[in-house]
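Asker: My file is model.cif. It has mmCIF, C-alpha atoms:
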```cif
data_structure
loop_
_atom_site.label_atom_id
_atom_site.label_comp_id
_atom_site.auth_asym_id
_atom_site.auth_seq_id
_atom_site.Cartn_x
_atom_site.Cartn_y
_atom_site.Cartn_z
CA MET A 287 0.00 0.00 0.00
CA LYS A 288 1.44 3.30 -1.15
CA VAL A 289 -0.02 6.62 0.03
CA LYS A 290 0.50 9.81 -1.95
CA VAL A 291 0.01 12.92 0.21
CA ILE A 292 -1.41 15.73 -1.94
CA PRO A 293 -1.56 19.25 -0.44
CA VAL A 294 -4.34 21.36 -1.99
CA LEU A 295 -6.19 24.64 -1.38
CA GLU A 296 -4.80 26.62 1.56
CA ASP A 297 -4.19 23.81 4.04
CA ASN A 298 -6.13 20.72 2.92
CA TYR A 299 -4.86 17.26 2.14
CA MET A 300 -6.27 14.77 -0.30
CA TYR A 301 -4.76 11.34 -0.71
CA LEU A 302 -4.21 8.70 -3.35
CA VAL A 303 -3.89 5.15 -1.99
CA ILE A 304 -2.32 2.69 -4.41
CA GLU A 305 -2.53 -1.10 -4.27
CA GLU A 306 0.92 -1.82 -5.63
CA HIS A 307 0.22 -5.30 -7.05
CA THR A 308 -3.01 -4.59 -8.95
CA ARG A 309 -2.20 -0.88 -9.50
CA GLU A 310 -5.75 -0.03 -8.42
CA ALA A 311 -6.07 3.33 -6.69
CA VAL A 312 -8.50 4.87 -4.23
CA ALA A 313 -8.72 8.62 -3.59
CA VAL A 314 -9.65 10.20 -0.27
CA ASP A 315 -11.35 13.63 -0.04
CA VAL A 316 -11.13 14.95 -3.57
CA ALA A 317 -11.05 18.75 -3.54
CA VAL A 318 -9.03 19.43 -6.72
CA PRO A 319 -9.76 16.68 -9.28
CA LYS A 320 -7.37 17.85 -11.99
CA ARG A 321 -4.46 17.77 -9.55
CA LEU A 322 -5.48 14.27 -8.51
CA LEU A 323 -5.71 13.05 -12.10
CA GLU A 324 -2.24 14.43 -12.85
CA ILE A 325 -0.85 12.17 -10.13
CA VAL A 326 -3.01 9.22 -11.20
CA GLY A 327 -1.55 9.56 -14.70
CA ARG A 328 2.00 9.96 -13.44
CA GLU A 329 1.69 6.88 -11.23
CA GLY A 330 0.07 4.83 -14.01
CA VAL A 331 -2.74 3.51 -11.82
CA SER A 332 -6.44 2.82 -12.30
CA LEU A 333 -8.63 5.06 -10.14
CA THR A 334 -11.80 3.19 -9.21
CA THR A 335 -13.13 4.70 -5.99
CA VAL A 336 -13.40 7.90 -3.98
CA LEU A 337 -13.74 7.73 -0.20
CA THR A 338 -15.15 10.96 1.22
CA THR A 339 -14.91 11.65 4.95
CA HIS A 340 -17.60 14.35 5.07
CA TYR A 341 -19.67 16.66 2.93
CA HIS A 342 -17.87 19.99 3.42
CA TRP A 343 -16.86 21.59 0.15
CA ASP A 344 -13.11 21.48 0.78
CA HIS A 345 -13.29 17.68 1.09
CA ALA A 346 -15.98 16.79 -1.46
CA ARG A 347 -16.29 19.55 -4.03
CA GLY A 348 -14.24 17.68 -6.65
CA ASN A 349 -16.44 14.59 -6.68
CA ALA A 350 -18.86 15.76 -9.38
CA GLU A 351 -16.18 16.82 -11.87
CA LEU A 352 -14.15 13.69 -11.19
CA ALA A 353 -17.20 11.48 -11.73
CA ARG A 354 -17.87 13.29 -15.01
CA LEU A 355 -14.30 12.75 -16.16
CA ARG A 356 -14.22 9.12 -14.99
CA PRO A 357 -17.60 7.48 -15.75
CA GLY A 358 -18.34 4.53 -13.48
CA LEU A 359 -16.31 5.91 -10.59
CA ALA A 360 -17.64 4.86 -7.18
CA VAL A 361 -18.06 7.78 -4.74
CA LEU A 362 -18.57 6.48 -1.22
CA GLY A 363 -19.31 8.08 2.14
CA ALA A 364 -21.69 8.04 5.08
CA ASP A 365 -23.64 11.25 4.47
CA GLU A 366 -26.24 11.85 1.76
CA ARG A 367 -25.08 15.48 1.59
CA ILE A 368 -21.80 14.36 -0.05
CA CYS A 369 -21.63 15.60 -3.62
CA ALA A 370 -22.04 12.93 -6.35
CA LEU A 371 -22.40 10.11 -3.79
CA THR A 372 -23.05 6.76 -5.49
CA ARG A 373 -23.43 4.62 -2.36
CA LYS A 374 -23.91 5.39 1.32
CA LEU A 375 -21.67 3.49 3.73
CA VAL A 376 -22.51 2.32 7.25
CA HIS A 377 -20.39 2.01 10.37
CA GLY A 378 -18.35 -1.19 10.47
CA GLU A 379 -18.75 -1.93 6.76
CA GLU A 380 -15.65 -3.41 5.15
CA LEU A 381 -14.41 -2.86 1.61
CA ARG A 382 -11.63 -4.55 -0.34
CA PHE A 383 -9.28 -3.21 -2.99
CA GLY A 384 -6.92 -5.97 -3.99
CA ALA A 385 -4.89 -6.73 -0.87
CA ILE A 386 -6.09 -3.58 0.90
CA HIS A 387 -8.84 -3.93 3.49
CA VAL A 388 -10.91 -0.89 4.45
CA ARG A 389 -13.03 -0.68 7.60
CA CYS A 390 -15.49 2.22 7.63
CA LEU A 391 -15.68 3.96 11.01
CA LEU A 392 -18.45 6.45 11.70
CA THR A 393 -16.86 9.28 13.69
CA PRO A 394 -19.45 12.02 14.35
CA GLY A 395 -18.34 15.26 15.92
CA HIS A 396 -17.20 17.63 13.21
CA THR A 397 -20.27 16.54 11.21
CA SER A 398 -22.94 14.00 12.08
CA GLY A 399 -22.10 11.82 9.07
CA HIS A 400 -18.30 11.94 9.28
CA MET A 401 -16.66 8.65 8.26
CA SER A 402 -13.04 7.71 8.89
CA TYR A 403 -11.35 4.90 6.97
CA PHE A 404 -9.02 2.33 8.53
CA LEU A 405 -6.83 0.55 5.95
CA TRP A 406 -4.54 -2.44 6.30
CA GLU A 407 -3.02 -5.33 4.36
CA GLU A 408 -2.86 -8.86 5.68
CA GLU A 409 0.58 -10.41 6.16
CA CYS A 410 2.23 -7.06 5.53
CA PRO A 411 4.92 -5.61 7.83
CA ASP A 412 3.83 -2.06 7.09
CA PRO A 413 1.61 -0.44 9.74
CA PRO A 414 -2.09 0.21 9.05
CA ALA A 415 -3.41 3.67 8.27
CA VAL A 416 -6.45 5.73 9.18
CA PHE A 417 -7.75 8.55 7.02
CA SER A 418 -9.45 10.67 9.64
CA GLY A 419 -10.57 13.75 7.73
CA ASP A 420 -11.48 16.40 10.29
CA ALA A 421 -12.36 13.95 13.08
CA LEU A 422 -8.75 13.67 14.23
CA LEU A 423 -5.96 16.05 13.21
CA VAL A 424 -2.30 15.97 14.14
CA ALA A 425 -2.33 17.26 17.75
CA GLY A 426 -5.96 18.30 17.48
CA CYS A 427 -9.40 17.67 16.02
CA GLY A 428 -11.94 19.47 13.88
CA LEU A 429 -14.56 21.82 15.27
CA ARG A 430 -17.59 20.14 16.80
CA LEU A 431 -20.37 21.40 14.54
CA GLU A 432 -23.21 18.87 14.39
CA SER A 433 -22.85 16.27 17.15
CA THR A 434 -22.84 16.16 20.93
CA ALA A 435 -19.68 16.29 23.01
CA GLN A 436 -20.37 12.72 24.12
CA GLN A 437 -20.58 11.52 20.51
CA MET A 438 -17.36 13.30 19.69
CA TYR A 439 -15.64 11.81 22.73
CA GLU A 440 -16.73 8.31 21.68
CA SER A 441 -15.50 8.94 18.14
CA LEU A 442 -12.07 10.05 19.35
CA MET A 443 -11.50 7.64 22.22
CA ALA A 444 -13.62 4.54 21.62
CA THR A 445 -13.45 4.43 17.81
CA LEU A 446 -10.19 6.04 16.74
CA GLY A 447 -8.34 5.81 20.04
CA SER A 448 -8.73 2.04 20.15
CA LEU A 449 -7.00 1.42 16.81
CA PRO A 450 -3.55 -0.21 16.91
CA PRO A 451 -1.02 2.26 18.32
CA GLU A 452 1.23 1.97 15.27
CA THR A 453 -1.59 3.18 12.99
CA LYS A 454 -0.49 6.05 10.75
CA VAL A 455 -2.83 9.04 10.95
CA PHE A 456 -3.52 10.84 7.67
CA CYS A 457 -5.76 13.80 8.45
CA GLY A 458 -7.59 16.38 6.37
CA HIS A 459 -5.70 19.58 7.21
CA GLU A 460 -2.27 21.00 7.92
CA HIS A 461 -3.16 22.61 11.26
CA THR A 462 -0.34 21.00 13.22
CA LEU A 463 1.58 24.10 14.26
CA GLY A 464 -1.45 25.88 15.70
CA ASN A 465 -2.71 22.69 17.31
CA LEU A 466 0.60 22.14 19.09
CA GLU A 467 0.77 25.74 20.25
CA PHE A 468 -2.62 25.21 21.85
CA ALA A 469 -1.52 21.84 23.27
CA GLN A 470 1.42 23.61 24.90
CA LYS A 471 -0.99 26.06 26.52
CA VAL A 472 -3.03 23.11 27.86
CA GLU A 473 0.00 21.14 29.08
CA PRO A 474 3.01 23.46 29.39
CA GLY A 475 4.98 20.73 31.16
CA ASN A 476 4.47 18.09 28.48
CA ASP A 477 7.88 17.29 26.94
CA HIS A 478 6.26 15.42 24.05
CA VAL A 479 4.34 18.54 23.06
CA ARG A 480 7.50 20.64 23.26
CA ALA A 481 9.50 18.23 21.09
CA LYS A 482 6.75 17.85 18.50
CA LEU A 483 6.26 21.62 18.32
CA SER A 484 9.97 22.13 17.64
CA TRP A 485 9.81 19.50 14.91
CA ALA A 486 6.65 21.02 13.38
CA LYS A 487 8.23 24.48 13.25
CA LYS A 488 11.14 23.05 11.27
CA ARG A 489 8.73 21.29 8.89
CA ASP A 490 6.85 24.56 8.44
CA GLU A 491 10.06 26.46 7.68
CA ASP A 492 10.94 23.84 5.05
CA ASP A 493 7.36 23.86 3.67
CA LEU A 494 6.95 20.14 4.35
CA PRO A 495 3.83 18.28 5.50
CA THR A 496 3.52 17.00 9.06
CA VAL A 497 1.41 14.00 8.08
CA PRO A 498 1.34 11.22 8.88
CA SER A 499 1.68 10.98 12.62
CA THR A 500 0.89 7.78 14.51
CA LEU A 501 -1.84 7.07 17.01
CA SER A 502 0.73 6.27 19.72
CA GLU A 503 2.26 9.72 19.19
CA GLU A 504 -1.13 11.42 19.27
CA LEU A 505 -1.87 9.87 22.64
CA LEU A 506 1.25 11.60 24.00
CA TYR A 507 0.59 15.17 22.84
CA ASN A 508 -2.95 15.57 21.46
CA PRO A 509 -5.03 17.11 24.27
CA PHE A 510 -8.28 15.90 22.69
CA LEU A 511 -7.09 12.32 23.21
CA ARG A 512 -5.81 13.10 26.70
CA VAL A 513 -9.04 14.21 28.37
CA ALA A 514 -8.51 11.74 31.24
CA GLU A 515 -5.07 13.17 32.10
CA GLU A 516 -4.91 15.32 35.22
CA PRO A 517 -3.17 18.35 33.60
CA VAL A 518 -5.85 18.49 30.89
CA ARG A 519 -8.67 18.16 33.40
CA LYS A 520 -7.09 20.87 35.54
CA PHE A 521 -6.80 23.20 32.54
CA THR A 522 -10.51 22.85 31.74
CA GLY A 523 -11.78 22.72 35.31
CA LYS A 524 -13.90 19.71 34.38
CA ALA A 525 -13.77 16.04 35.37
CA ALA A 526 -16.16 14.05 33.14
CA PRO A 527 -14.36 13.20 29.87
CA ALA A 528 -17.05 14.58 27.56
CA GLU A 529 -17.18 17.81 29.58
CA VAL A 530 -13.38 18.11 29.41
CA LEU A 531 -13.60 17.66 25.64
CA GLU A 532 -16.36 20.26 25.34
CA ALA A 533 -14.31 22.77 27.33
CA LEU A 534 -11.21 22.04 25.23
CA CYS A 535 -13.15 22.68 22.02
CA LYS A 536 -14.31 26.07 23.29
CA GLU A 537 -10.82 26.99 24.48
CA ARG A 538 -9.32 25.93 21.14
CA ALA A 539 -11.78 28.09 19.22
CA SER A 540 -10.97 31.11 21.40
CA PHE A 541 -7.25 30.44 21.07
CA GLN A 542 -7.48 30.31 17.28
CA GLN A 543 -9.56 33.48 17.12
CA ALA A 544 -7.05 35.33 19.29
CA ALA A 545 -4.11 34.07 17.25
CA GLU A 546 -5.69 34.76 13.87
CA PRO A 547 -8.28 37.59 14.02
CA LEU A 548 -10.39 37.45 10.89
CA GLN A 549 -11.74 40.20 8.68
CA PRO A 550 -15.47 39.92 7.83
CA GLN A 551 -14.77 38.54 4.35
CA ALA A 552 -12.40 35.91 5.72
CA ARG A 553 -14.88 35.01 8.44
CA ALA A 554 -17.58 34.42 5.80
CA LEU A 555 -15.20 32.25 3.77
CA LEU A 556 -14.30 30.25 6.86
CA ALA A 557 -17.99 29.73 7.61
CA LEU A 558 -18.42 28.43 4.08
CA GLN A 559 -15.48 26.06 4.52
CA TRP A 560 -16.99 24.76 7.75
CA GLY A 561 -20.25 24.09 5.92
CA LEU A 562 -22.22 26.68 7.88
CA LEU A 563 -23.43 28.48 4.75
CA GLY A 564 -24.08 25.38 2.67
CA THR A 565 -22.08 24.13 -0.28
CA PRO A 566 -21.72 25.88 -3.64
CA ARG A 567 -23.77 24.47 -6.46
CA GLN A 568 -21.86 22.21 -8.82
CA LYS A 569 -21.59 23.40 -12.40
#
```
What is this file in structure tokens?
Answerer:
Amino acid sequence: MKVKVIPVLEDNYMYLVIEEHTREAVAVDVAVPKRLLEIVGREGVSLTTVLTTHYHWDHARGNAELARLRPGLAVLGADERICALTRKLVHGEELRFGAIHVRCLLTPGHTSGHMSYFLWEEECPDPPAVFSGDALLVAGCGLRLESTAQQMYESLMATLGSLPPETKVFCGHEHTLGNLEFAQKVEPGNDHVRAKLSWAKKRDEDDLPTVPSTLSEELLYNPFLRVAEEPVRKFTGKAAPAEVLEALCKERASFQQAAEPLQPQARALLALQWGLLGTPRQK
């Protein structure tokens, strides 16, 4: 299994997953279809399927054009709001692409129909991978927009947090630097946060992606996966895990707003990106 990391838009990632024996390829979160097809052509693979994590335009807007350019393409996801969806997936459903297994994991929080995808190959020494969209980011998570704090907690801890620790985490955005700066505010004494932040600053200076991380690493420095830890509970003033998570989400939003004050036009664009103003009509 080969994963091509494709930076697009301002800070999004889309991915091309290649089954190296059959040369079949699966795309995740297609935002810029022409860029994707350039890489498909360069790699000499057959693109058969799109896996979409959620319906927001910066993760799904390329589906319609891609489906037009590639008739017969399967566009899969868990939310009927996903553009050009050909089949709706359910939690726990498993797919197969050559030697690659895919387990579909419903992870509500950012959106109610957010699906993450856990991929592995049998009898392969390489670690498995999870494509977590905006459910789990490096050192953070996406905004809770449509689900309860309890649902989001279960998505992060019970669903994603229980995957094998060596699982590689391929997320939907390059928000690592800001996430780690917030994590340092939450746990100023956490050496893992400090080391990862130093590393992320160097990656940013070199204009290099910070994905993938691993789940075992995330458990060391991602405050949204550390809601049971005493320093995180103390920071929020809460004890129940879902309440700690809820407080963290509010603090993270305030931290981001303070760090990056937005002009009205930028605020409207951000609302559109978050799906709060709907999605643009496809041409």
Asker: Pick out the residues sitting within 7 Å of Lys374 in chain A, and hand them over as a ChimeraX atom specification; count all atoms listed in the file, and ignore anything fewer than 4 positions along from it in its own chain.
Answerer: /A:362-366
Asker: Using only C-alpha atoms, which of A:Gly426, A:Gly399, A:Gly464, A:Pro293 sits nearest Ala545 in chain A?
Answerer: A:Gly464
Asker: Taking the file as I've supplied it (selection: the PyMOL selection byres ((chain A and resi 334-348) around 9)), which residues are included? Please answer as a PDB file with C-alpha atoms, keeping the file's coordinate frame.
Answerer:
```
ATOM      1  CA  LEU A 295      -6.190  24.640  -1.380  1.00  0.00           C
ATOM      2  CA  ASN A 298      -6.130  20.720   2.920  1.00  0.00           C
ATOM      3  CA  TYR A 299      -4.860  17.260   2.140  1.00  0.00           C
ATOM      4  CA  MET A 300      -6.270  14.770  -0.300  1.00  0.00           C
ATOM      5  CA  GLU A 310      -5.750  -0.030  -8.420  1.00  0.00           C
ATOM      6  CA  ALA A 311      -6.070   3.330  -6.690  1.00  0.00           C
ATOM      7  CA  VAL A 312      -8.500   4.870  -4.230  1.00  0.00           C
ATOM      8  CA  ALA A 313      -8.720   8.620  -3.590  1.00  0.00           C
ATOM      9  CA  VAL A 314      -9.650  10.200  -0.270  1.00  0.00           C
ATOM     10  CA  ASP A 315     -11.350  13.630  -0.040  1.00  0.00           C
ATOM     11  CA  VAL A 316     -11.130  14.950  -3.570  1.00  0.00           C
ATOM     12  CA  ALA A 317     -11.050  18.750  -3.540  1.00  0.00           C
ATOM     13  CA  VAL A 318      -9.030  19.430  -6.720  1.00  0.00           C
ATOM     14  CA  PRO A 319      -9.760  16.680  -9.280  1.00  0.00           C
ATOM     15  CA  LYS A 320      -7.370  17.850 -11.990  1.00  0.00           C
ATOM     16  CA  SER A 332      -6.440   2.820 -12.300  1.00  0.00           C
ATOM     17  CA  LEU A 333      -8.630   5.060 -10.140  1.00  0.00           C
ATOM     18  CA  ASN A 349     -16.440  14.590  -6.680  1.00  0.00           C
ATOM     19  CA  ALA A 350     -18.860  15.760  -9.380  1.00  0.00           C
ATOM     20  CA  GLU A 351     -16.180  16.820 -11.870  1.00  0.00           C
ATOM     21  CA  LEU A 352     -14.150  13.690 -11.190  1.00  0.00           C
ATOM     22  CA  ALA A 353     -17.200  11.480 -11.730  1.00  0.00           C
ATOM     23  CA  ARG A 356     -14.220   9.120 -14.990  1.00  0.00           C
ATOM     24  CA  GLY A 358     -18.340   4.530 -13.480  1.00  0.00           C
ATOM     25  CA  LEU A 359     -16.310   5.910 -10.590  1.00  0.00           C
ATOM     26  CA  ALA A 360     -17.640   4.860  -7.180  1.00  0.00           C
ATOM     27  CA  VAL A 361     -18.060   7.780  -4.740  1.00  0.00           C
ATOM     28  CA  LEU A 362     -18.570   6.480  -1.220  1.00  0.00           C
ATOM     29  CA  GLY A 363     -19.310   8.080   2.140  1.00  0.00           C
ATOM     30  CA  ALA A 364     -21.690   8.040   5.080  1.00  0.00           C
ATOM     31  CA  ASP A 365     -23.640  11.250   4.470  1.00  0.00           C
ATOM     32  CA  GLU A 366     -26.240  11.850   1.760  1.00  0.00           C
ATOM     33  CA  ARG A 367     -25.080  15.480   1.590  1.00  0.00           C
ATOM     34  CA  ILE A 368     -21.800  14.360  -0.050  1.00  0.00           C
ATOM     35  CA  CYS A 369     -21.630  15.600  -3.620  1.00  0.00           C
ATOM     36  CA  ALA A 370     -22.040  12.930  -6.350  1.00  0.00           C
ATOM     37  CA  LEU A 371     -22.400  10.110  -3.790  1.00  0.00           C
ATOM     38  CA  HIS A 396     -17.200  17.630  13.210  1.00  0.00           C
ATOM     39  CA  THR A 397     -20.270  16.540  11.210  1.00  0.00           C
ATOM     40  CA  SER A 398     -22.940  14.000  12.080  1.00  0.00           C
ATOM     41  CA  GLY A 399     -22.100  11.820   9.070  1.00  0.00           C
ATOM     42  CA  HIS A 400     -18.300  11.940   9.280  1.00  0.00           C
ATOM     43  CA  MET A 401     -16.660   8.650   8.260  1.00  0.00           C
ATOM     44  CA  SER A 402     -13.040   7.710   8.890  1.00  0.00           C
ATOM     45  CA  TYR A 403     -11.350   4.900   6.970  1.00  0.00           C
ATOM     46  CA  PHE A 417      -7.750   8.550   7.020  1.00  0.00           C
ATOM     47  CA  SER A 418      -9.450  10.670   9.640  1.00  0.00           C
ATOM     48  CA  GLY A 419     -10.570  13.750   7.730  1.00  0.00           C
ATOM     49  CA  ASP A 420     -11.480  16.400  10.290  1.00  0.00           C
ATOM     50  CA  ALA A 421     -12.360  13.950  13.080  1.00  0.00           C
ATOM     51  CA  GLY A 458      -7.590  16.380   6.370  1.00  0.00           C
ATOM     52  CA  LEU A 558     -18.420  28.430   4.080  1.00  0.00           C
ATOM     53  CA  GLN A 559     -15.480  26.060   4.520  1.00  0.00           C
ATOM     54  CA  TRP A 560     -16.990  24.760   7.750  1.00  0.00           C
ATOM     55  CA  GLY A 561     -20.250  24.090   5.920  1.00  0.00           C
ATOM     56  CA  GLY A 564     -24.080  25.380   2.670  1.00  0.00           C
ATOM     57  CA  THR A 565     -22.080  24.130  -0.280  1.00  0.00           C
ATOM     58  CA  PRO A 566     -21.720  25.880  -3.640  1.00  0.00           C
ATOM     59  CA  GLN A 568     -21.860  22.210  -8.820  1.00  0.00           C
TER      60      GLN A 568
END
```
Asker: Tell me which residues the PyMOL selection byres ((chain A and resi 466-471) around 8) grabs here, as a ChimeraX atom specification.
Answerer: /A:425-426,462-465,472-476,479-480,482-483,507-509,538,541
Asker: Would you kindly translate the PyMOL selection byres ((chain A and resi 290) around 8) into the concrete residues it picks from this file, as a list in words?
Answerer: Lys288, Val289, Val291, Ile292, Tyr301, Leu302 and Val303 of chain A
Asker: Output C-alpha atoms for every residue in the selection just made, as a PDB file, keeping the file's coordinate frame.
Answerer:
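selection_8.pdb, freshly written:
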```
ATOM      1  CA  LYS A 288       1.440   3.300  -1.150  1.00  0.00           C
ATOM      2  CA  VAL A 289      -0.020   6.620   0.030  1.00  0.00           C
ATOM      3  CA  VAL A 291       0.010  12.920   0.210  1.00  0.00           C
ATOM      4  CA  ILE A 292      -1.410  15.730  -1.940  1.00  0.00           C
ATOM      5  CA  TYR A 301      -4.760  11.340  -0.710  1.00  0.00           C
ATOM      6  CA  LEU A 302      -4.210   8.700  -3.350  1.00  0.00           C
ATOM      7  CA  VAL A 303      -3.890   5.150  -1.990  1.00  0.00           C
TER       8      VAL A 303
END
```
Asker: Find the spatial neighbours of Val331 in chain A, counting all atoms listed in the file, within a cut-off of 9 Å - ignore same-chain residues fewer than 5 positions away - and output them as JSON, numbers by chain.
Answerer: {"A": [304, 305, 306, 308, 309, 310, 311, 326]}
Asker: With C-alpha atoms kept, could you save the residues just selected as a compact mmCIF listing (two decimals), keeping the file's coordinate frame?
Answerer:
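Here's the written file again.txt:
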```
# COMPACT_ATOMS: atom_id res chain seq x y z
CA ILE A 304 -2.32 2.69 -4.41
CA GLU A 305 -2.53 -1.10 -4.27
CA GLU A 306 0.92 -1.82 -5.63
CA THR A 308 -3.01 -4.59 -8.95
CA ARG A 309 -2.20 -0.88 -9.50
CA GLU A 310 -5.75 -0.03 -8.42
CA ALA A 311 -6.07 3.33 -6.69
CA VAL A 326 -3.01 9.22 -11.20
```
Asker: Would you compute the distance between CA of Val416 in chain A and CA of Phe456 in chain A? Give it in Å to one decimal.
Answerer: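 Rounded to one decimal, the two atoms are 6.1 Å apart.
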Asker: Just how far from CA of Gln437 in chain A is CA of Glu407 in chain A, in Å to one decimal?
Answerer: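 For CA of Glu407 in chain A relative to CA of Gln437 in chain A, the distance reads 29.2 Å.
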Asker: Restricting the calculation to all atoms listed in the file: of A:Ile386, A:Ala415, A:Leu506, A:Leu429, which residue gets closest to Glu537 in chain A?
Answerer: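 Of the candidates, the smallest distance to Glu537 in chain A is held by A:Leu429.
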